[in-house]
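Structure below is work20.pdb: PDB, C-alpha atoms, pLDDT in the B column.
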MODEL        1
ATOM      1  CA  MET A  22      60.622 -68.716   7.385  1.00 55.00           C
ATOM      2  CA  SER A  23      60.581 -66.455  10.417  1.00 66.00           C
ATOM      3  CA  LYS A  24      60.773 -62.674  10.139  1.00 68.00           C
ATOM      4  CA  ILE A  25      64.040 -62.622  12.108  1.00 64.00           C
ATOM      5  CA  ILE A  26      65.789 -65.009   9.716  1.00 72.00           C
ATOM      6  CA  LEU A  27      64.475 -63.044   6.727  1.00 76.00           C
ATOM      7  CA  PHE A  28      65.725 -59.810   8.331  1.00 77.00           C
ATOM      8  CA  GLU A  29      69.139 -61.400   8.990  1.00 80.00           C
ATOM      9  CA  ARG A  30      69.348 -62.695   5.423  1.00 80.00           C
ATOM     10  CA  GLN A  31      68.479 -59.285   3.966  1.00 85.00           C
ATOM     11  CA  THR A  32      70.895 -57.525   6.308  1.00 85.00           C
ATOM     12  CA  LEU A  33      73.687 -59.989   5.486  1.00 85.00           C
ATOM     13  CA  SER A  34      73.008 -59.502   1.774  1.00 88.00           C
ATOM     14  CA  LEU A  35      73.308 -55.747   2.114  1.00 91.00           C
ATOM     15  CA  ALA A  36      76.487 -56.070   4.193  1.00 90.00           C
ATOM     16  CA  LEU A  37      78.080 -58.305   1.536  1.00 91.00           C
ATOM     17  CA  ILE A  38      77.250 -55.896  -1.285  1.00 93.00           C
ATOM     18  CA  GLU A  39      78.492 -52.907   0.720  1.00 95.00           C
ATOM     19  CA  LYS A  40      81.766 -54.719   1.435  1.00 95.00           C
ATOM     20  CA  GLU A  41      82.287 -55.520  -2.252  1.00 95.00           C
ATOM     21  CA  LEU A  42      81.413 -51.949  -3.232  1.00 96.00           C
ATOM     22  CA  TYR A  43      83.923 -50.647  -0.699  1.00 97.00           C
ATOM     23  CA  GLN A  44      86.656 -52.628  -2.443  1.00 97.00           C
ATOM     24  CA  LEU A  45      85.527 -51.450  -5.884  1.00 96.00           C
ATOM     25  CA  TYR A  46      85.307 -47.765  -4.935  1.00 96.00           C
ATOM     26  CA  ASN A  47      88.614 -47.989  -3.095  1.00 96.00           C
ATOM     27  CA  SER A  48      90.298 -49.450  -6.199  1.00 95.00           C
ATOM     28  CA  LEU A  49      88.729 -46.757  -8.366  1.00 94.00           C
ATOM     29  CA  SER A  50      89.978 -44.049  -6.021  1.00 94.00           C
ATOM     30  CA  GLU A  51      93.506 -45.306  -6.657  1.00 94.00           C
ATOM     31  CA  LYS A  52      93.204 -45.732 -10.451  1.00 93.00           C
ATOM     32  CA  VAL A  53      91.208 -42.707 -11.627  1.00 90.00           C
ATOM     33  CA  GLU A  54      93.224 -39.854 -13.110  1.00 84.00           C
ATOM     34  CA  ASP A  55      91.052 -36.920 -12.037  1.00 84.00           C
ATOM     35  CA  VAL A  56      91.707 -35.739  -8.469  1.00 88.00           C
ATOM     36  CA  THR A  57      88.092 -34.710  -7.849  1.00 88.00           C
ATOM     37  CA  ALA A  58      86.745 -38.089  -8.980  1.00 89.00           C
ATOM     38  CA  ARG A  59      89.419 -39.879  -6.936  1.00 91.00           C
ATOM     39  CA  THR A  60      88.366 -38.001  -3.819  1.00 93.00           C
ATOM     40  CA  MET A  61      84.672 -38.670  -4.416  1.00 94.00           C
ATOM     41  CA  PHE A  62      85.283 -42.394  -4.912  1.00 95.00           C
ATOM     42  CA  ALA A  63      87.288 -42.476  -1.671  1.00 95.00           C
ATOM     43  CA  TYR A  64      84.335 -40.776   0.049  1.00 96.00           C
ATOM     44  CA  ILE A  65      81.852 -43.363  -1.242  1.00 96.00           C
ATOM     45  CA  ALA A  66      84.272 -46.190  -0.350  1.00 96.00           C
ATOM     46  CA  THR A  67      84.423 -44.939   3.233  1.00 96.00           C
ATOM     47  CA  ASP A  68      80.621 -44.811   3.414  1.00 96.00           C
ATOM     48  CA  SER A  69      80.327 -48.352   2.018  1.00 96.00           C
ATOM     49  CA  LEU A  70      82.779 -49.670   4.596  1.00 96.00           C
ATOM     50  CA  LYS A  71      80.856 -47.839   7.318  1.00 96.00           C
ATOM     51  CA  HIS A  72      77.559 -49.339   6.140  1.00 95.00           C
ATOM     52  CA  SER A  73      79.009 -52.837   5.991  1.00 94.00           C
ATOM     53  CA  THR A  74      80.395 -52.505   9.513  1.00 94.00           C
ATOM     54  CA  ILE A  75      77.081 -51.204  10.875  1.00 93.00           C
ATOM     55  CA  LEU A  76      75.113 -54.007   9.220  1.00 91.00           C
ATOM     56  CA  VAL A  77      77.450 -56.681  10.585  1.00 89.00           C
ATOM     57  CA  LYS A  78      77.091 -55.132  14.044  1.00 89.00           C
ATOM     58  CA  ILE A  79      73.292 -55.258  13.721  1.00 86.00           C
ATOM     59  CA  ILE A  80      73.463 -58.951  12.808  1.00 82.00           C
ATOM     60  CA  GLU A  81      75.711 -59.634  15.814  1.00 82.00           C
ATOM     61  CA  GLU A  82      73.297 -57.816  18.116  1.00 81.00           C
ATOM     62  CA  VAL A  83      70.453 -60.171  17.205  1.00 73.00           C
ATOM     63  CA  ASN A  84      72.422 -63.073  18.726  1.00 66.00           C
ATOM     64  CA  GLY A  85      74.558 -63.764  15.689  1.00 62.00           C
ATOM     65  CA  SER A  86      73.335 -64.675  12.300  1.00 61.00           C
ATOM     66  CA  LYS A  87      71.537 -67.867  11.442  1.00 66.00           C
ATOM     67  CA  ALA A  88      71.738 -66.767   7.820  1.00 64.00           C
ATOM     68  CA  ARG A  89      74.776 -67.650   5.753  1.00 71.00           C
ATOM     69  CA  GLU A  90      76.088 -66.201   2.531  1.00 71.00           C
ATOM     70  CA  GLN A  91      74.725 -69.088   0.462  1.00 68.00           C
ATOM     71  CA  ASP A  92      71.236 -68.414   1.926  1.00 68.00           C
ATOM     72  CA  CYS A  93      71.155 -64.990   0.291  1.00 74.00           C
ATOM     73  CA  ASP A  94      68.952 -64.287  -2.710  1.00 75.00           C
ATOM     74  CA  GLN A  95      70.510 -65.408  -6.016  1.00 79.00           C
ATOM     75  CA  ASN A  96      70.242 -61.857  -7.354  1.00 81.00           C
ATOM     76  CA  ILE A  97      72.373 -60.626  -4.450  1.00 81.00           C
ATOM     77  CA  ILE A  98      74.969 -63.392  -4.920  1.00 84.00           C
ATOM     78  CA  HIS A  99      75.137 -62.622  -8.657  1.00 88.00           C
ATOM     79  CA  THR A 100      75.525 -58.902  -7.933  1.00 90.00           C
ATOM     80  CA  GLN A 101      78.283 -59.625  -5.413  1.00 90.00           C
ATOM     81  CA  LYS A 102      80.180 -61.730  -7.980  1.00 92.00           C
ATOM     82  CA  LEU A 103      79.701 -59.054 -10.635  1.00 94.00           C
ATOM     83  CA  ILE A 104      81.089 -56.333  -8.356  1.00 94.00           C
ATOM     84  CA  ASN A 105      84.023 -58.590  -7.479  1.00 94.00           C
ATOM     85  CA  ALA A 106      84.783 -59.199 -11.194  1.00 95.00           C
ATOM     86  CA  ILE A 107      84.672 -55.455 -11.941  1.00 94.00           C
ATOM     87  CA  THR A 108      86.973 -54.794  -8.984  1.00 94.00           C
ATOM     88  CA  LYS A 109      89.511 -57.301 -10.320  1.00 95.00           C
ATOM     89  CA  ASN A 110      89.408 -55.647 -13.754  1.00 93.00           C
ATOM     90  CA  VAL A 111      89.983 -52.221 -12.212  1.00 93.00           C
ATOM     91  CA  GLU A 112      92.862 -53.539 -10.095  1.00 93.00           C
ATOM     92  CA  LYS A 113      94.538 -55.052 -13.180  1.00 93.00           C
ATOM     93  CA  SER A 114      94.502 -51.789 -15.122  1.00 91.00           C
ATOM     94  CA  GLN A 115      97.173 -49.149 -14.739  1.00 91.00           C
ATOM     95  CA  LYS A 116      94.615 -46.362 -14.614  1.00 90.00           C
ATOM     96  CA  VAL A 117      90.998 -45.775 -15.513  1.00 88.00           C
ATOM     97  CA  ASP A 118      90.564 -43.059 -18.116  1.00 84.00           C
ATOM     98  CA  GLN A 119      87.505 -40.851 -18.438  1.00 81.00           C
ATOM     99  CA  LYS A 120      85.831 -42.811 -21.230  1.00 82.00           C
ATOM    100  CA  GLU A 121      86.052 -46.052 -19.242  1.00 86.00           C
ATOM    101  CA  LEU A 122      84.890 -44.230 -16.149  1.00 87.00           C
ATOM    102  CA  ILE A 123      81.725 -42.904 -17.784  1.00 85.00           C
ATOM    103  CA  THR A 124      80.784 -46.438 -18.830  1.00 87.00           C
ATOM    104  CA  LEU A 125      81.566 -47.761 -15.365  1.00 92.00           C
ATOM    105  CA  ILE A 126      79.566 -45.045 -13.601  1.00 91.00           C
ATOM    106  CA  ASP A 127      76.338 -46.297 -15.202  1.00 91.00           C
ATOM    107  CA  THR A 128      76.985 -49.701 -13.639  1.00 93.00           C
ATOM    108  CA  LEU A 129      77.893 -48.131 -10.290  1.00 94.00           C
ATOM    109  CA  ALA A 130      74.675 -46.114 -10.342  1.00 92.00           C
ATOM    110  CA  ASP A 131      72.749 -49.345 -10.935  1.00 93.00           C
ATOM    111  CA  PHE A 132      74.440 -50.894  -7.885  1.00 93.00           C
ATOM    112  CA  GLU A 133      73.573 -47.855  -5.768  1.00 93.00           C
ATOM    113  CA  ASN A 134      69.993 -47.992  -7.020  1.00 91.00           C
ATOM    114  CA  LEU A 135      69.811 -51.689  -6.124  1.00 90.00           C
ATOM    115  CA  LEU A 136      71.113 -50.942  -2.626  1.00 91.00           C
ATOM    116  CA  TYR A 137      68.614 -48.136  -2.213  1.00 91.00           C
ATOM    117  CA  SER A 138      65.659 -50.354  -3.119  1.00 89.00           C
ATOM    118  CA  GLU A 139      66.983 -53.282  -1.045  1.00 88.00           C
ATOM    119  CA  TYR A 140      67.378 -51.051   2.020  1.00 89.00           C
ATOM    120  CA  LYS A 141      63.842 -49.758   1.635  1.00 86.00           C
ATOM    121  CA  LYS A 142      62.512 -53.286   1.199  1.00 84.00           C
ATOM    122  CA  ALA A 143      64.545 -54.824   4.048  1.00 82.00           C
ATOM    123  CA  PHE A 144      63.850 -52.138   6.613  1.00 82.00           C
ATOM    124  CA  HIS A 145      60.330 -51.166   5.447  1.00 76.00           C
ATOM    125  CA  LEU A 146      61.247 -47.520   5.135  1.00 64.00           C
ATOM    126  CA  GLU A 147      58.610 -45.002   4.182  1.00 59.00           C
ATOM    127  CA  TYR A 148      59.407 -41.566   2.869  1.00 50.00           C
ATOM    128  CA  GLU A 149      57.311 -38.522   3.384  1.00 48.00           C
ATOM    129  CA  VAL A 150      57.811 -35.049   2.055  1.00 47.00           C
ATOM    130  CA  PHE A 151      58.069 -32.453   4.816  1.00 44.00           C
ATOM    131  CA  THR A 152      57.973 -28.718   4.634  1.00 50.00           C
ATOM    132  CA  GLU A 153      61.056 -27.049   6.053  1.00 52.00           C
ATOM    133  CA  GLY A 154      59.327 -26.193   9.366  1.00 53.00           C
ATOM    134  CA  GLU A 155      58.071 -29.745   9.854  1.00 51.00           C
ATOM    135  CA  GLN A 156      61.466 -31.164   8.957  1.00 51.00           C
ATOM    136  CA  LYS A 157      63.233 -29.242  11.722  1.00 51.00           C
ATOM    137  CA  SER A 158      60.728 -30.288  14.376  1.00 51.00           C
ATOM    138  CA  GLN A 159      60.416 -33.962  13.381  1.00 52.00           C
ATOM    139  CA  LYS A 160      63.955 -34.652  12.174  1.00 52.00           C
ATOM    140  CA  GLU A 161      65.370 -35.755  15.520  1.00 53.00           C
ATOM    141  CA  ALA A 162      62.354 -37.890  16.399  1.00 50.00           C
ATOM    142  CA  ASP A 163      62.496 -39.775  13.066  1.00 61.00           C
ATOM    143  CA  LEU A 164      66.264 -40.238  13.031  1.00 70.00           C
ATOM    144  CA  ASN A 165      67.408 -43.862  12.832  1.00 83.00           C
ATOM    145  CA  ILE A 166      70.420 -45.645  11.406  1.00 86.00           C
ATOM    146  CA  PHE A 167      68.538 -47.106   8.447  1.00 86.00           C
ATOM    147  CA  ASN A 168      67.323 -43.706   7.272  1.00 88.00           C
ATOM    148  CA  LEU A 169      70.866 -42.388   7.577  1.00 90.00           C
ATOM    149  CA  ILE A 170      72.212 -45.232   5.439  1.00 92.00           C
ATOM    150  CA  VAL A 171      69.522 -44.710   2.790  1.00 90.00           C
ATOM    151  CA  ASP A 172      70.290 -40.979   2.765  1.00 92.00           C
ATOM    152  CA  ASP A 173      73.933 -41.914   2.097  1.00 93.00           C
ATOM    153  CA  GLU A 174      72.831 -44.066  -0.849  1.00 93.00           C
ATOM    154  CA  VAL A 175      70.930 -41.127  -2.320  1.00 92.00           C
ATOM    155  CA  ARG A 176      74.025 -38.961  -1.822  1.00 94.00           C
ATOM    156  CA  HIS A 177      76.155 -41.595  -3.600  1.00 94.00           C
ATOM    157  CA  GLN A 178      73.859 -41.411  -6.618  1.00 93.00           C
ATOM    158  CA  ARG A 179      74.236 -37.617  -6.689  1.00 94.00           C
ATOM    159  CA  ILE A 180      78.031 -37.951  -6.413  1.00 94.00           C
ATOM    160  CA  LEU A 181      78.150 -40.417  -9.309  1.00 92.00           C
ATOM    161  CA  SER A 182      76.019 -38.058 -11.352  1.00 91.00           C
ATOM    162  CA  SER A 183      78.364 -35.156 -10.633  1.00 91.00           C
ATOM    163  CA  ILE A 184      81.387 -37.291 -11.591  1.00 90.00           C
ATOM    164  CA  THR A 185      79.669 -38.085 -14.892  1.00 88.00           C
ATOM    165  CA  HIS A 186      79.114 -34.366 -15.545  1.00 86.00           C
ATOM    166  CA  LEU A 187      82.750 -33.693 -14.659  1.00 83.00           C
ATOM    167  CA  CYS A 188      83.945 -36.351 -17.107  1.00 79.00           C
ATOM    168  CA  ASP A 189      81.582 -35.117 -19.820  1.00 75.00           C
ATOM    169  CA  ARG A 190      82.891 -31.572 -19.425  1.00 75.00           C
ATOM    170  CA  ASN A 191      86.503 -32.738 -19.649  1.00 64.00           C
ATOM    171  CA  LEU A 192      85.818 -34.922 -22.694  1.00 51.00           C
ATOM    172  CA  TYR A 193      83.961 -32.059 -24.373  1.00 45.00           C
ATOM    173  CA  PHE A 194      86.957 -29.787 -23.774  1.00 43.00           C
ATOM    174  CA  ASN A 195      89.362 -32.420 -25.135  1.00 45.00           C
ATOM    175  CA  ASN A 196      87.227 -32.955 -28.251  1.00 45.00           C
ATOM    176  CA  ASN A 197      87.096 -29.224 -29.004  1.00 46.00           C
ATOM    177  CA  ALA A 198      90.753 -28.492 -28.329  1.00 45.00           C
ATOM    178  CA  PRO A 199      92.580 -27.335 -31.443  1.00 51.00           C
ATOM    179  CA  ILE A 200      94.917 -29.794 -33.099  1.00 52.00           C
ATOM    180  CA  VAL A 201      98.259 -28.206 -33.790  1.00 50.00           C
ATOM    181  CA  LYS A 202     100.722 -29.784 -36.142  1.00 54.00           C
ATOM    182  CA  TYR A 203     104.263 -28.537 -36.429  1.00 53.00           C
ATOM    183  CA  THR A 204     105.489 -28.969 -39.967  1.00 56.00           C
ATOM    184  CA  ASN A 205     108.966 -27.642 -39.533  1.00 58.00           C
ATOM    185  CA  PRO A 206     109.957 -26.996 -35.895  1.00 56.00           C
ATOM    186  CA  ASP A 207     113.631 -26.685 -36.892  1.00 58.00           C
ATOM    187  CA  SER A 208     112.867 -23.392 -38.601  1.00 58.00           C
ATOM    188  CA  TRP A 209     112.447 -21.844 -35.153  1.00 59.00           C
ATOM    189  CA  TYR A 210     115.879 -22.963 -34.050  1.00 60.00           C
ATOM    190  CA  SER A 211     118.703 -20.511 -34.400  1.00 65.00           C
ATOM    191  CA  PRO A 212     122.119 -22.189 -34.207  1.00 66.00           C
ATOM    192  CA  PRO A 213     124.626 -20.505 -31.920  1.00 73.00           C
ATOM    193  CA  ARG A 214     127.057 -18.205 -33.670  1.00 75.00           C
ATOM    194  CA  GLY A 215     130.588 -18.488 -32.940  1.00 63.00           C
TER
ENDMDL
END
Translate the structure described by the file into structure tokens.
Amino acid sequence: MSKIILFERQTLSLALIEKELYQLYNSLSEKVEDVTARTMFAYIATDSLKHSTILVKIIEEVNGSKAREQDCDQNIIHTQKLINAITKNVEKSQKVDQKELITLIDTLADFENLLYSEYKKAFHLEYEVFTEGEQKSQKEADLNIFNLIVDDEVRHQRILSSITHLCDRNLYFNNNAPIVKYTNPDSWYSPPRG
């Protein structure tokens, strides 16, 4: 198999996963109760759509793709179907509460981790640690679209982590809130005189 066909297959695989993740994050942004989490999911959804569009454009620029969806790795096809099934479950529900969201975030983080490793593998990206002075001088020279996409994937993992902390804080508050039981609320009522 030629390197170009392998590159196209890997790029198509990533585009398919990003497209499915866009739909999942978009559905979550509509179903989650917390405004902050909703906004963050909309942010990630926009990034996933952007990545999918960029990857499709890259495939088109190499004279169209010789790779088809069924040529993709079985792991990628399975992941795509799994994301699609989760999206359908989210769309069916009225809203996603915090307990469901915490469980779902672990799965989302796994998807983001998979994307991160697939991007590094597909585009042979190497990471080096720079000091702040070196980073400023070399940043523009090393800038390419693949590094930008991978940086977005790292940011998505941080966002999911912050949503988990947000949910944990809210659940902790709800668990420690006092339970008040009114035994006789009518005793507070004073009937009108007259």
Separation of atom CA of Thr74 of chain A from atom CA of Asp173 of chain A, in Å and rounded to one decimal: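 These atoms are spaced 14.5 Å apart.
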Among the residues A:Leu27, A:Leu164, A:Ile80, A:Leu129, the one that comes closest to Phe62 of chain A [using only C-alpha atoms]: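 So, comparing all the options, the nearest one is A:Leu129.
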Nearest to Asn47 of chain A by atom-to-atom distance, counting only C-alpha atoms, from A:Val111, A:Leu181, A:Leu103, A:Leu33: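 Looking only at the distances to Asn47 of chain A, the closest residue turns out to be A:Val111.
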Nearby residues, (81.9, -39.2, -2.6) file frame, 10 Å, all atoms listed in the file, as a PyMOL selection string: chain A and resi 46+57-68+173+176-181+183-184
Selection: 10 Å around Leu122 of chain A, all atoms listed in the file, excl. self and same-chain fewer than 5 positions, as a ChimeraX atom specification: /A:49,53-54,58,117,127-129,184-185,188
Residue nearest Lys120 of chain A - candidates A:Ile166, A:Glu81, A:Asp189, A:Ala106, atoms counted: only C-alpha atoms: A:Asp189
